[in-house]
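Structure file structure_10.cif; described as mmCIF, C-alpha atoms and all ligand atoms.
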data_run
loop_
_atom_site.label_atom_id
_atom_site.label_comp_id
_atom_site.auth_asym_id
_atom_site.auth_seq_id
_atom_site.Cartn_x
_atom_site.Cartn_y
_atom_site.Cartn_z
CA MET A 1 -2.26 -8.28 12.73
CA THR A 2 1.39 -9.14 13.29
CA PRO A 3 4.15 -8.03 10.85
CA SER A 4 4.51 -11.65 9.74
CA ASP A 5 0.73 -11.94 9.09
CA TYR A 6 1.02 -8.84 6.92
CA GLU A 7 4.01 -10.22 5.01
CA PHE A 8 2.16 -13.49 4.38
CA LEU A 9 -0.93 -11.65 3.04
CA ARG A 10 1.17 -9.29 0.90
CA LYS A 11 2.90 -12.23 -0.77
CA LEU A 12 -0.34 -14.15 -1.25
CA LEU A 13 -2.10 -11.16 -2.85
CA LYS A 14 0.84 -10.42 -5.14
CA GLU A 15 0.89 -14.03 -6.36
CA ARG A 16 -2.87 -14.43 -6.77
CA SER A 17 -4.01 -11.06 -8.13
CA GLY A 18 -0.90 -8.99 -8.87
CA LEU A 19 -1.82 -6.51 -6.12
CA ASP A 20 1.43 -4.86 -5.08
CA LEU A 21 0.99 -3.54 -1.53
CA SER A 22 3.66 -1.28 -0.08
CA ALA A 23 4.99 -1.96 3.42
CA ASP A 24 2.63 0.59 5.03
CA LYS A 25 -0.80 -0.63 3.89
CA GLN A 26 -1.73 -2.65 7.01
CA TYR A 27 -4.72 -0.36 7.62
CA LEU A 28 -6.09 -1.18 4.15
CA VAL A 29 -5.71 -4.92 4.66
CA GLU A 30 -7.38 -4.67 8.08
CA SER A 31 -10.28 -2.56 6.85
CA ARG A 32 -11.00 -5.02 4.02
CA LEU A 33 -10.32 -8.32 5.79
CA ILE A 34 -11.76 -7.82 9.29
CA PRO A 35 -15.36 -7.78 7.92
CA LEU A 36 -14.51 -10.99 6.03
CA THR A 37 -13.17 -12.71 9.18
CA ARG A 38 -16.43 -11.81 10.98
CA ARG A 39 -18.53 -13.12 8.13
CA VAL A 40 -16.76 -16.51 8.07
CA GLY A 41 -16.70 -16.79 11.88
CA LEU A 42 -12.97 -16.28 12.52
CA GLY A 43 -11.54 -14.42 15.51
CA GLY A 44 -9.37 -12.02 13.50
CA ILE A 45 -6.66 -11.69 10.90
CA THR A 46 -4.11 -13.88 12.73
CA GLU A 47 -6.63 -16.73 12.75
CA LEU A 48 -7.40 -16.10 9.08
CA VAL A 49 -3.69 -16.29 8.22
CA GLN A 50 -3.34 -19.52 10.20
CA LYS A 51 -6.20 -21.04 8.21
CA LEU A 52 -4.69 -19.91 4.93
CA LYS A 53 -1.27 -21.28 5.95
CA ALA A 54 -2.81 -24.60 6.92
CA GLY A 55 -3.78 -24.93 3.26
CA SER A 56 -7.44 -24.28 3.89
CA THR A 57 -9.92 -24.18 1.06
CA ASP A 58 -9.35 -22.33 -2.19
CA THR A 59 -12.68 -20.63 -1.51
CA LEU A 60 -11.22 -18.77 1.48
CA THR A 61 -8.18 -17.67 -0.55
CA ALA A 62 -10.49 -16.46 -3.34
CA GLU A 63 -12.59 -14.55 -0.80
CA VAL A 64 -9.47 -12.85 0.59
CA VAL A 65 -8.32 -11.90 -2.93
CA GLU A 66 -11.79 -10.60 -3.84
CA ALA A 67 -12.11 -8.61 -0.64
CA MET A 68 -8.84 -6.83 -1.48
CA THR A 69 -9.86 -5.78 -5.00
CA THR A 70 -10.91 -2.18 -5.58
CA ASN A 71 -14.03 -2.17 -7.73
CA GLU A 72 -14.57 1.57 -8.10
CA THR A 73 -16.14 2.34 -11.49
CA PHE A 74 -18.86 4.46 -13.06
CA PHE A 75 -20.59 5.03 -16.37
CA PHE A 76 -18.49 6.82 -19.02
CA ARG A 77 -15.64 7.14 -16.51
CA ASP A 78 -13.24 9.94 -17.52
CA LYS A 79 -15.37 10.71 -20.63
CA ILE A 80 -12.30 11.02 -22.94
CA PRO A 81 -11.91 7.27 -23.69
CA PHE A 82 -15.50 7.21 -24.95
CA ASP A 83 -14.84 10.28 -27.12
CA HIS A 84 -11.87 8.33 -28.55
CA LEU A 85 -14.17 5.38 -29.17
CA ARG A 86 -16.78 7.46 -31.05
CA GLU A 87 -14.43 9.82 -32.86
CA ALA A 88 -11.34 7.71 -33.64
CA MET A 89 -11.65 3.99 -33.00
CA LEU A 90 -15.11 3.23 -34.39
CA PRO A 91 -14.75 5.33 -37.56
CA ALA A 92 -11.37 3.66 -38.30
CA LEU A 93 -12.68 0.19 -37.56
CA LEU A 94 -15.89 0.71 -39.55
CA GLN A 95 -13.66 1.34 -42.54
CA GLY A 96 -11.04 -1.28 -41.76
CA ARG A 97 -13.58 -4.06 -41.06
CA ALA A 98 -16.04 -3.13 -43.85
CA ASN A 99 -15.61 -6.53 -45.52
CA ARG A 100 -15.57 -8.62 -42.39
CA ARG A 101 -18.36 -6.64 -40.68
CA SER A 102 -17.44 -7.81 -37.21
CA LEU A 103 -15.91 -6.20 -34.14
CA ARG A 104 -14.45 -7.73 -31.00
CA ILE A 105 -13.98 -5.48 -27.97
CA TRP A 106 -12.50 -6.67 -24.67
CA CYS A 107 -13.06 -4.86 -21.41
CA ALA A 108 -10.31 -6.49 -19.36
CA ALA A 109 -11.15 -5.45 -15.77
CA SER A 110 -14.82 -4.68 -16.12
CA SER A 111 -15.86 -4.54 -12.46
CA THR A 112 -19.64 -4.14 -11.98
CA GLY A 113 -20.31 -3.46 -15.67
CA GLN A 114 -20.53 0.31 -16.05
CA GLU A 115 -17.55 0.31 -18.44
CA PRO A 116 -18.59 -2.47 -20.87
CA TYR A 117 -22.17 -1.19 -20.88
CA SER A 118 -20.94 2.36 -21.60
CA ILE A 119 -19.10 0.86 -24.59
CA ALA A 120 -22.28 -0.98 -25.65
CA MET A 121 -24.33 2.25 -25.44
CA CYS A 122 -21.71 4.06 -27.59
CA LEU A 123 -22.02 1.32 -30.21
CA LYS A 124 -25.82 1.64 -30.11
CA GLU A 125 -25.43 5.33 -30.98
CA PHE A 126 -23.79 4.24 -34.25
CA GLY A 127 -27.11 2.60 -35.15
CA ALA A 128 -27.48 2.06 -38.90
CA ALA A 129 -23.72 2.19 -39.58
CA LEU A 130 -23.29 -1.01 -37.56
CA ALA A 131 -26.52 -2.71 -38.64
CA GLY A 132 -25.85 -6.33 -39.63
CA TRP A 133 -22.39 -6.32 -37.98
CA ARG A 134 -21.39 -9.07 -35.57
CA ILE A 135 -20.47 -7.22 -32.37
CA GLU A 136 -18.86 -8.89 -29.40
CA ILE A 137 -18.07 -7.10 -26.15
CA LEU A 138 -16.31 -9.37 -23.70
CA ALA A 139 -16.29 -8.23 -20.06
CA THR A 140 -13.84 -10.04 -17.78
CA ASP A 141 -12.79 -9.58 -14.18
CA LEU A 142 -10.98 -11.52 -11.49
CA SER A 143 -13.90 -11.15 -9.10
CA GLN A 144 -16.97 -13.37 -9.49
CA GLY A 145 -18.96 -11.02 -7.24
CA VAL A 146 -18.64 -8.02 -9.56
CA LEU A 147 -19.34 -10.16 -12.63
CA GLU A 148 -22.56 -11.39 -11.07
CA LYS A 149 -23.71 -7.84 -10.47
CA SER A 150 -22.68 -6.83 -13.98
CA ARG A 151 -24.66 -9.71 -15.50
CA SER A 152 -27.79 -8.61 -13.66
CA GLY A 153 -27.61 -5.18 -15.32
CA LEU A 154 -29.20 -3.72 -12.18
CA PHE A 155 -27.91 -0.38 -10.92
CA SER A 156 -28.91 1.80 -7.98
CA GLN A 157 -30.10 5.38 -8.25
CA PHE A 158 -26.67 6.48 -7.00
CA GLU A 159 -24.89 4.43 -9.68
CA VAL A 160 -26.99 5.75 -12.59
CA GLN A 161 -26.40 9.29 -11.35
CA ARG A 162 -22.64 8.85 -11.75
CA GLY A 163 -21.65 9.68 -15.33
CA LEU A 164 -24.72 8.41 -17.19
CA PRO A 165 -26.39 11.12 -19.32
CA ILE A 166 -30.11 11.38 -18.50
CA GLN A 167 -31.12 10.74 -22.12
CA LEU A 168 -29.26 7.40 -22.09
CA LEU A 169 -30.93 6.49 -18.77
CA VAL A 170 -34.35 7.16 -20.28
CA LYS A 171 -33.51 5.34 -23.52
CA HIS A 172 -31.78 2.20 -22.23
CA PHE A 173 -32.99 1.56 -18.65
CA THR A 174 -36.23 0.47 -16.97
CA GLN A 175 -36.97 1.39 -13.37
CA ILE A 176 -37.60 -1.60 -11.13
CA GLY A 177 -38.40 -0.46 -7.58
CA GLU A 178 -35.32 1.30 -6.24
CA PHE A 179 -33.16 0.03 -9.10
CA TRP A 180 -32.68 0.69 -12.78
CA GLN A 181 -32.22 -2.26 -15.10
CA LEU A 182 -30.41 -1.96 -18.37
CA ASN A 183 -32.67 -3.12 -21.19
CA ALA A 184 -32.15 -6.63 -22.55
CA ASP A 185 -30.89 -5.51 -25.98
CA VAL A 186 -27.90 -3.68 -24.43
CA ARG A 187 -27.28 -6.41 -21.85
CA ALA A 188 -27.19 -8.99 -24.65
CA MET A 189 -24.30 -7.15 -26.31
CA VAL A 190 -21.97 -7.97 -23.39
CA GLN A 191 -20.65 -11.45 -22.56
CA HIS A 192 -19.11 -12.04 -19.14
CA ARG A 193 -16.27 -14.33 -18.14
CA GLN A 194 -14.05 -14.67 -15.09
CA LEU A 195 -10.39 -14.02 -15.95
CA ASN A 196 -7.27 -13.24 -13.99
CA LEU A 197 -4.94 -11.00 -16.00
CA LEU A 198 -1.94 -12.77 -14.42
CA GLN A 199 -2.97 -15.93 -16.23
CA ASP A 200 -2.82 -16.79 -19.91
CA PHE A 201 -5.50 -15.12 -22.04
CA GLY A 202 -4.31 -16.17 -25.50
CA HIS A 203 -7.32 -18.51 -25.77
CA LEU A 204 -9.68 -15.49 -25.94
CA GLY A 205 -8.62 -14.89 -29.54
CA MET A 206 -7.88 -11.58 -31.26
CA PHE A 207 -9.53 -8.23 -30.43
CA ASP A 208 -9.98 -4.97 -32.32
CA VAL A 209 -10.14 -2.90 -29.12
CA VAL A 210 -8.97 -3.60 -25.57
CA PHE A 211 -10.05 -1.43 -22.65
CA CYS A 212 -7.72 -2.21 -19.74
CA ARG A 213 -8.33 0.68 -17.38
CA ASN A 214 -7.61 1.34 -13.73
CA VAL A 215 -6.30 -2.10 -12.89
CA LEU A 216 -2.61 -1.98 -13.86
CA ILE A 217 -2.05 0.86 -11.34
CA TYR A 218 -2.20 -1.81 -8.62
CA PHE A 219 0.59 -3.91 -10.17
CA ASP A 220 4.39 -3.61 -10.11
CA HIS A 221 6.52 -2.74 -13.15
CA GLU A 222 7.36 -6.34 -14.04
CA THR A 223 3.74 -7.50 -13.85
CA LYS A 224 2.58 -4.58 -16.05
CA ALA A 225 5.33 -5.30 -18.59
CA GLY A 226 4.27 -8.97 -18.80
CA ILE A 227 0.61 -8.05 -19.26
CA PHE A 228 1.40 -5.47 -21.99
CA GLU A 229 3.50 -8.08 -23.78
CA ARG A 230 0.59 -10.54 -23.77
CA LEU A 231 -1.99 -7.86 -24.64
CA GLY A 232 0.15 -7.05 -27.69
CA LYS A 233 -0.40 -10.61 -28.88
CA VAL A 234 -4.21 -10.51 -28.71
CA LEU A 235 -4.70 -7.09 -30.32
CA GLU A 236 -5.05 -6.84 -34.11
CA PRO A 237 -2.15 -4.89 -35.69
CA ASP A 238 -4.55 -2.04 -36.54
CA GLY A 239 -6.38 -2.27 -33.20
CA PHE A 240 -6.53 0.06 -30.23
CA MET A 241 -5.78 -0.24 -26.53
CA VAL A 242 -7.20 2.15 -23.92
CA LEU A 243 -5.56 2.64 -20.51
CA GLY A 244 -6.71 4.57 -17.44
CA ALA A 245 -5.80 8.20 -16.80
CA ALA A 246 -2.98 7.26 -14.40
CA GLU A 247 -1.59 4.45 -16.58
CA SER A 248 0.86 4.36 -19.48
CA VAL A 249 3.12 1.99 -21.42
CA VAL A 250 5.91 4.57 -21.49
CA GLY A 251 9.06 3.21 -19.83
CA ILE A 252 7.40 -0.18 -19.31
CA SER A 253 6.84 -1.81 -22.68
CA ASP A 254 7.47 -1.14 -26.36
CA ALA A 255 4.66 -3.47 -27.46
CA PHE A 256 2.46 -0.35 -27.88
CA LYS A 257 2.98 3.26 -28.79
CA PRO A 258 0.86 6.17 -27.54
CA HIS A 259 -1.50 7.80 -30.04
CA PRO A 260 0.11 11.15 -30.93
CA GLU A 261 -3.03 13.20 -30.23
CA ARG A 262 -5.31 11.14 -28.05
CA ARG A 263 -4.36 10.74 -24.39
CA GLY A 264 -4.78 7.22 -23.00
CA LEU A 265 -5.07 5.63 -26.45
CA TYR A 266 -2.40 3.21 -27.73
CA ARG A 267 -1.70 1.30 -30.95
CA PRO A 268 0.36 -1.85 -31.41
CA ASN A 269 3.93 -0.87 -32.19
CA ALA A 270 4.23 -1.51 -35.95
CA ILE A 271 8.06 -1.46 -35.93
CA ARG A 272 8.14 -4.11 -33.26
CA LEU A 273 5.46 -6.18 -35.00
CA ALA A 274 7.52 -6.12 -38.19
CA LYS A 275 10.76 -7.36 -36.54
CA PRO A 276 10.18 -11.15 -36.59
CA ALA A 277 9.21 -11.01 -40.30
CA ILE A 278 12.46 -9.15 -41.17
CA VAL A 279 14.57 -11.68 -39.23
CA ALA A 280 12.79 -14.63 -40.86
CA ALA A 281 13.34 -13.19 -44.34
CA THR A 282 17.06 -12.62 -43.80
CA PRO A 283 19.18 -15.79 -43.96
CA GLN A 284 22.53 -14.15 -42.92
CA PRO A 285 22.23 -14.53 -39.14
CA ALA A 286 21.95 -18.32 -39.45
CA LYS A 287 25.06 -18.39 -41.71
CA VAL A 288 27.00 -16.21 -39.27
CA VAL A 289 26.11 -18.57 -36.45
CA ALA A 290 27.14 -21.61 -38.54
CA MET A 291 30.47 -20.03 -39.54
CA ALA A 292 31.21 -18.97 -35.99
CA SER A 293 30.65 -22.47 -34.68
CA ARG A 294 33.26 -24.09 -36.96
C1 LIG A 301 -10.86 -0.07 -10.14
S1 LIG A 301 -11.72 -1.30 -11.00
C2 LIG A 301 -11.69 -0.65 -12.65
C3 LIG A 301 -12.98 -0.92 -13.37
C4 LIG A 301 -13.08 -0.28 -14.77
N1 LIG A 301 -12.07 -0.82 -15.64
C5 LIG A 301 -12.98 1.21 -14.70
O1 LIG A 301 -11.95 1.76 -15.10
O2 LIG A 301 -13.92 1.87 -14.26
C6 LIG A 301 -10.45 -2.59 -11.08
C7 LIG A 301 -11.00 -3.97 -11.37
O3 LIG A 301 -9.89 -4.82 -11.65
C8 LIG A 301 -10.18 -6.11 -11.15
N2 LIG A 301 -8.91 -6.84 -10.97
C9 LIG A 301 -7.98 -6.70 -10.00
N3 LIG A 301 -6.96 -7.56 -10.19
C10 LIG A 301 -7.25 -8.24 -11.33
C11 LIG A 301 -6.58 -9.28 -12.05
N4 LIG A 301 -5.40 -9.79 -11.63
N5 LIG A 301 -7.16 -9.76 -13.16
C12 LIG A 301 -8.35 -9.26 -13.59
N6 LIG A 301 -9.03 -8.29 -12.95
C13 LIG A 301 -8.48 -7.79 -11.83
C14 LIG A 301 -10.92 -5.83 -9.84
O4 LIG A 301 -11.70 -6.94 -9.44
C15 LIG A 301 -11.73 -4.61 -10.21
O5 LIG A 301 -13.05 -4.94 -10.57
#

Could the structure of this file be written out as structure tokens, please?
Amino acid sequence: MTPSDYEFLRKLLKERSGLDLSADKQYLVESRLIPLTRRVGLGGITELVQKLKAGSTDTLTAEVVEAMTTNETFFFRDKIPFDHLREAMLPALLQGRANRRSLRIWCAASSTGQEPYSIAMCLKEFGAALAGWRIEILATDLSQGVLEKSRSGLFSQFEVQRGLPIQLLVKHFTQIGEFWQLNADVRAMVQHRQLNLLQDFGHLGMFDVVFCRNVLIYFDHETKAGIFERLGKVLEPDGFMVLGAAESVVGISDAFKPHPERRGLYRPNAIRLAKPAIVAATPQPAKVVAMASR
């Protein structure tokens, strides 16, 4: 791969997926894209870049973007976010939504499904307290490949051994040959949809909880700030946002504030939410502007 091939791919990936590759990640690009070039019958990365430059199909661009995504995930990853869900978020929302009796949870980079299904299993544990509630868990990801796997609800022995307590395996999965399939009642709690976080997501509506974990680490400051700004607009004022262990809003956005006791948990920033209402209710600024313009 020539330096100019690398620069072309870096720019393409930044534009299409937000992936912010430093100048020294050629080895990563090669290790992910050489298998792709073989699969589609190209001689190597230079030929791939030529095809992409020639304005070849969107399918090839999408394949390059997908091949460069990191899909690492596992059930109940990091444990703490799911403790927050059981101990803080669900009790607060059960109270706050008692009249409405509905909950909307968005898992914004859901990969192969272990995260949204971990959320679904946590909700199942609440049993009677949530009986009759309308529950929606939306799982979205940039990559169609991971969404397909997630929809199938099929996991290997290795995957169910990573983070999934044995009692939940016995309760919610059925063994099918070498695989374990999540039972239909848990699968039905999760809807899947392809979505690129760089693009508008206002049309998804409002959520009570957003899990957006281990994806923003791949983006630059400006991209993260833009995403936080837009996440702030789709989260209910009393909702919750969960980030990954290596992610934070601090120094990037004031749309959210960290929970004082719970690491990785964020609330919409009430002071900031209140600002537009205060401005709208105060006529002076308009007068000042009018006087100044005379
Ligand atoms: C490392 S996985 C994290 C999965 C899960 N959230 C977790 O913490 O275990 C990151 C996921 O983000 C997805 N992704 C990368 N760029 C994205 C983008 N621009 N929009 C939406 N998803 C993206 C990848 O396809 C991948 O499945």

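The coordinates place CA of Gly18 in chain A at 7.6 Å from CA of Asp220 in chain A.
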
Worksheet item: ligand LIG 301 (chain A): which residues are within 10 Å, counting only C-alpha atoms and all ligand atoms, as a PyMOL selection string?
Response: chain A and resi 13-19+65-78+107-116+139-147+194-199+211-219+223+227+243-245

Generate the output file for the selected residues, C-alpha atoms, as a tab-separated table (two decimals), in the frame of the given file.
chain	number	residue	atom	x	y	z
A	13	LEU	CA	-2.10	-11.16	-2.85
A	14	LYS	CA	0.84	-10.42	-5.14
A	15	GLU	CA	0.89	-14.03	-6.36
A	16	ARG	CA	-2.87	-14.43	-6.77
A	17	SER	CA	-4.01	-11.06	-8.13
A	18	GLY	CA	-0.90	-8.99	-8.87
A	19	LEU	CA	-1.82	-6.51	-6.12
A	65	VAL	CA	-8.32	-11.90	-2.93
A	66	GLU	CA	-11.79	-10.60	-3.84
A	67	ALA	CA	-12.11	-8.61	-0.64
A	68	MET	CA	-8.84	-6.83	-1.48
A	69	THR	CA	-9.86	-5.78	-5.00
A	70	THR	CA	-10.91	-2.18	-5.58
A	71	ASN	CA	-14.03	-2.17	-7.73
A	72	GLU	CA	-14.57	1.57	-8.10
A	73	THR	CA	-16.14	2.34	-11.49
A	74	PHE	CA	-18.86	4.46	-13.06
A	75	PHE	CA	-20.59	5.03	-16.37
A	76	PHE	CA	-18.49	6.82	-19.02
A	77	ARG	CA	-15.64	7.14	-16.51
A	78	ASP	CA	-13.24	9.94	-17.52
A	107	CYS	CA	-13.06	-4.86	-21.41
A	108	ALA	CA	-10.31	-6.49	-19.36
A	109	ALA	CA	-11.15	-5.45	-15.77
A	110	SER	CA	-14.82	-4.68	-16.12
A	111	SER	CA	-15.86	-4.54	-12.46
A	112	THR	CA	-19.64	-4.14	-11.98
A	113	GLY	CA	-20.31	-3.46	-15.67
A	114	GLN	CA	-20.53	0.31	-16.05
A	115	GLU	CA	-17.55	0.31	-18.44
A	116	PRO	CA	-18.59	-2.47	-20.87
A	139	ALA	CA	-16.29	-8.23	-20.06
A	140	THR	CA	-13.84	-10.04	-17.78
A	141	ASP	CA	-12.79	-9.58	-14.18
A	142	LEU	CA	-10.98	-11.52	-11.49
A	143	SER	CA	-13.90	-11.15	-9.10
A	144	GLN	CA	-16.97	-13.37	-9.49
A	145	GLY	CA	-18.96	-11.02	-7.24
A	146	VAL	CA	-18.64	-8.02	-9.56
A	147	LEU	CA	-19.34	-10.16	-12.63
A	194	GLN	CA	-14.05	-14.67	-15.09
A	195	LEU	CA	-10.39	-14.02	-15.95
A	196	ASN	CA	-7.27	-13.24	-13.99
A	197	LEU	CA	-4.94	-11.00	-16.00
A	198	LEU	CA	-1.94	-12.77	-14.42
A	199	GLN	CA	-2.97	-15.93	-16.23
A	211	PHE	CA	-10.05	-1.43	-22.65
A	212	CYS	CA	-7.72	-2.21	-19.74
A	213	ARG	CA	-8.33	0.68	-17.38
A	214	ASN	CA	-7.61	1.34	-13.73
A	215	VAL	CA	-6.30	-2.10	-12.89
A	216	LEU	CA	-2.61	-1.98	-13.86
A	217	ILE	CA	-2.05	0.86	-11.34
A	218	TYR	CA	-2.20	-1.81	-8.62
A	219	PHE	CA	0.59	-3.91	-10.17
A	223	THR	CA	3.74	-7.50	-13.85
A	227	ILE	CA	0.61	-8.05	-19.26
A	243	LEU	CA	-5.56	2.64	-20.51
A	244	GLY	CA	-6.71	4.57	-17.44
A	245	ALA	CA	-5.80	8.20	-16.80

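Relative to CA of Val234 in chain A, CA of Gly202 in chain A is found at 6.5 Å.
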
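Between CA of Arg134 in chain A and CA of Ala98 in chain A lies a distance of 11.5 Å.
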
Discussion item. Let me make sure I understand: among A:Lys51, A:Arg86, A:Lys149, A:Lys124, which one has the smallest atom-to-atom distance to His192 in chain A if we use all atoms listed in the file?
Written reply: A:Lys149

Would you compute the box with edges along x, y and z of the file around range 18-26 of chain A, including every atom the file lists for it and 5 Å extra on each side, and give its centre and edge lengths in Å to one decimal, as AutoDock Vina command-line options?
--center_x 1.6 --center_y -4.2 --center_z -0.9 --size_x 16.8 --size_y 19.6 --size_z 25.9

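With all atoms listed in the file as the atoms that count, the minimum distance from Glu30 in chain A to the choices A:Leu182, A:Leu12, A:Val64, A:Ala270 is reached by A:Val64.
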
Practice prompt. Identify, on the basis of only C-alpha atoms, every residue whose closest approach to Leu94 in chain A does not exceed 8 Å; exclude the query and any residue fewer than 5 positions from it along the same chain; express the result as a list of chain:residue names.
Written response: A:Arg101, A:Ala129, A:Leu130

Selected residues written out, C-alpha atoms, as a CSV table (one decimal), in the frame of the given file:
chain,number,residue,atom,x,y,z
A,101,ARG,CA,-18.4,-6.6,-40.7
A,129,ALA,CA,-23.7,2.2,-39.6
A,130,LEU,CA,-23.3,-1.0,-37.6

Practice prompt. Select all residues near (-10.9, 2.4, -37.4) (cut-off 12 Å, inclusive, file coordinates), counting all atoms listed in the file, and output them as an MDAnalysis selection string.
Written response: chainID A and resid 84:98 103 208:209 236:240 267

Practice prompt. Excluding Phe173 in chain A and residues on its chain fewer than 6 positions from it, collect all residues at most 12 Å away from it, counting all atoms listed in the file, and give them as a list in words.
Written response: Tyr117, Met121, Gly153, Leu154, Phe155, Ser156, Gln157, Val160, Leu164, Pro165, Ile166, Gln167, Phe179, Trp180, Gln181, Leu182, Asn183, Ala184, Asp185, Val186 and Arg187 of chain A

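Across A:Phe158, A:Asp58, A:Met189, A:Val250, the tightest approach to Leu123 in chain A is made by A:Met189 when counting all atoms listed in the file.
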
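Proximity ranking of A:Tyr6, A:Asp20, A:Gly132, A:Leu33 relative to His221 in chain A places A:Asp20 first, based on only C-alpha atoms.
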
Fill in: Distance query 9 Å from (-1.1, -4.4, -21.2) using all atoms listed in the file, result as a list in words
Cys212, Leu216, Lys224, Ala225, Gly226, Ile227, Phe228, Glu229, Arg230, Leu231, Gly232, Met241, Leu243, Val249, Ser253, Ala255 and Phe256 of chain A

Could you save the residues just selected, with C-alpha atoms, as an mmCIF file, in the coordinates of the input?
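Generated output (out.cif):
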data_model
loop_
_atom_site.group_PDB
_atom_site.id
_atom_site.type_symbol
_atom_site.label_atom_id
_atom_site.label_comp_id
_atom_site.auth_asym_id
_atom_site.auth_seq_id
_atom_site.Cartn_x
_atom_site.Cartn_y
_atom_site.Cartn_z
ATOM 1 C CA CYS A 212 -7.720 -2.210 -19.740
ATOM 2 C CA LEU A 216 -2.610 -1.980 -13.860
ATOM 3 C CA LYS A 224 2.580 -4.580 -16.050
ATOM 4 C CA ALA A 225 5.330 -5.300 -18.590
ATOM 5 C CA GLY A 226 4.270 -8.970 -18.800
ATOM 6 C CA ILE A 227 0.610 -8.050 -19.260
ATOM 7 C CA PHE A 228 1.400 -5.470 -21.990
ATOM 8 C CA GLU A 229 3.500 -8.080 -23.780
ATOM 9 C CA ARG A 230 0.590 -10.540 -23.770
ATOM 10 C CA LEU A 231 -1.990 -7.860 -24.640
ATOM 11 C CA GLY A 232 0.150 -7.050 -27.690
ATOM 12 C CA MET A 241 -5.780 -0.240 -26.530
ATOM 13 C CA LEU A 243 -5.560 2.640 -20.510
ATOM 14 C CA VAL A 249 3.120 1.990 -21.420
ATOM 15 C CA SER A 253 6.840 -1.810 -22.680
ATOM 16 C CA ALA A 255 4.660 -3.470 -27.460
ATOM 17 C CA PHE A 256 2.460 -0.350 -27.880
#

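Distances to Phe8 in chain A were evaluated for A:Tyr27, A:Pro35, A:Ile105, A:Leu48 using all atoms listed in the file, and the minimum falls at A:Leu48.
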
Saved range 107-121 of chain A from the preceding structure, N, CA and C atoms, as an mmCIF file, in the first residue's frame:
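Dumped to out.cif:
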data_model
loop_
_atom_site.group_PDB
_atom_site.id
_atom_site.type_symbol
_atom_site.label_atom_id
_atom_site.label_comp_id
_atom_site.auth_asym_id
_atom_site.auth_seq_id
_atom_site.Cartn_x
_atom_site.Cartn_y
_atom_site.Cartn_z
ATOM 1 N N CYS A 107 -29.874 1.035 21.853
ATOM 2 C CA CYS A 107 -28.506 0.543 21.928
ATOM 3 C C CYS A 107 -27.854 0.957 20.601
ATOM 4 N N ALA A 108 -27.012 2.025 20.672
ATOM 5 C CA ALA A 108 -26.665 2.766 19.462
ATOM 6 C C ALA A 108 -25.492 2.218 18.638
ATOM 7 N N ALA A 109 -24.788 1.237 19.109
ATOM 8 C CA ALA A 109 -23.751 0.578 18.290
ATOM 9 C C ALA A 109 -23.733 -0.856 18.807
ATOM 10 N N SER A 110 -24.722 -1.614 18.368
ATOM 11 C CA SER A 110 -25.113 -2.841 19.077
ATOM 12 C C SER A 110 -24.322 -4.064 18.662
ATOM 13 N N SER A 111 -23.510 -3.930 17.603
ATOM 14 C CA SER A 111 -22.687 -5.036 17.120
ATOM 15 C C SER A 111 -23.531 -6.325 16.975
ATOM 16 N N THR A 112 -22.996 -7.454 17.411
ATOM 17 C CA THR A 112 -23.653 -8.741 17.142
ATOM 18 C C THR A 112 -24.776 -9.075 18.132
ATOM 19 N N GLY A 113 -25.146 -8.136 18.983
ATOM 20 C CA GLY A 113 -26.373 -8.306 19.765
ATOM 21 C C GLY A 113 -26.208 -8.603 21.243
ATOM 22 N N GLN A 114 -24.985 -8.906 21.679
ATOM 23 C CA GLN A 114 -24.826 -9.273 23.093
ATOM 24 C C GLN A 114 -25.285 -8.132 24.014
ATOM 25 N N GLU A 115 -25.049 -6.873 23.603
ATOM 26 C CA GLU A 115 -25.425 -5.757 24.478
ATOM 27 C C GLU A 115 -26.952 -5.562 24.543
ATOM 28 N N PRO A 116 -27.651 -5.426 23.409
ATOM 29 C CA PRO A 116 -29.109 -5.255 23.537
ATOM 30 C C PRO A 116 -29.799 -6.454 24.178
ATOM 31 N N TYR A 117 -29.283 -7.669 23.931
ATOM 32 C CA TYR A 117 -29.913 -8.829 24.558
ATOM 33 C C TYR A 117 -29.587 -8.904 26.054
ATOM 34 N N SER A 118 -28.431 -8.389 26.467
ATOM 35 C CA SER A 118 -28.145 -8.306 27.910
ATOM 36 C C SER A 118 -29.159 -7.360 28.561
ATOM 37 N N ILE A 119 -29.445 -6.250 27.862
ATOM 38 C CA ILE A 119 -30.434 -5.288 28.376
ATOM 39 C C ILE A 119 -31.802 -5.984 28.486
ATOM 40 N N ALA A 120 -32.155 -6.723 27.431
ATOM 41 C CA ALA A 120 -33.466 -7.407 27.421
ATOM 42 C C ALA A 120 -33.556 -8.402 28.583
ATOM 43 N N MET A 121 -32.462 -9.136 28.841
ATOM 44 C CA MET A 121 -32.490 -10.111 29.945
ATOM 45 C C MET A 121 -32.613 -9.407 31.297
#
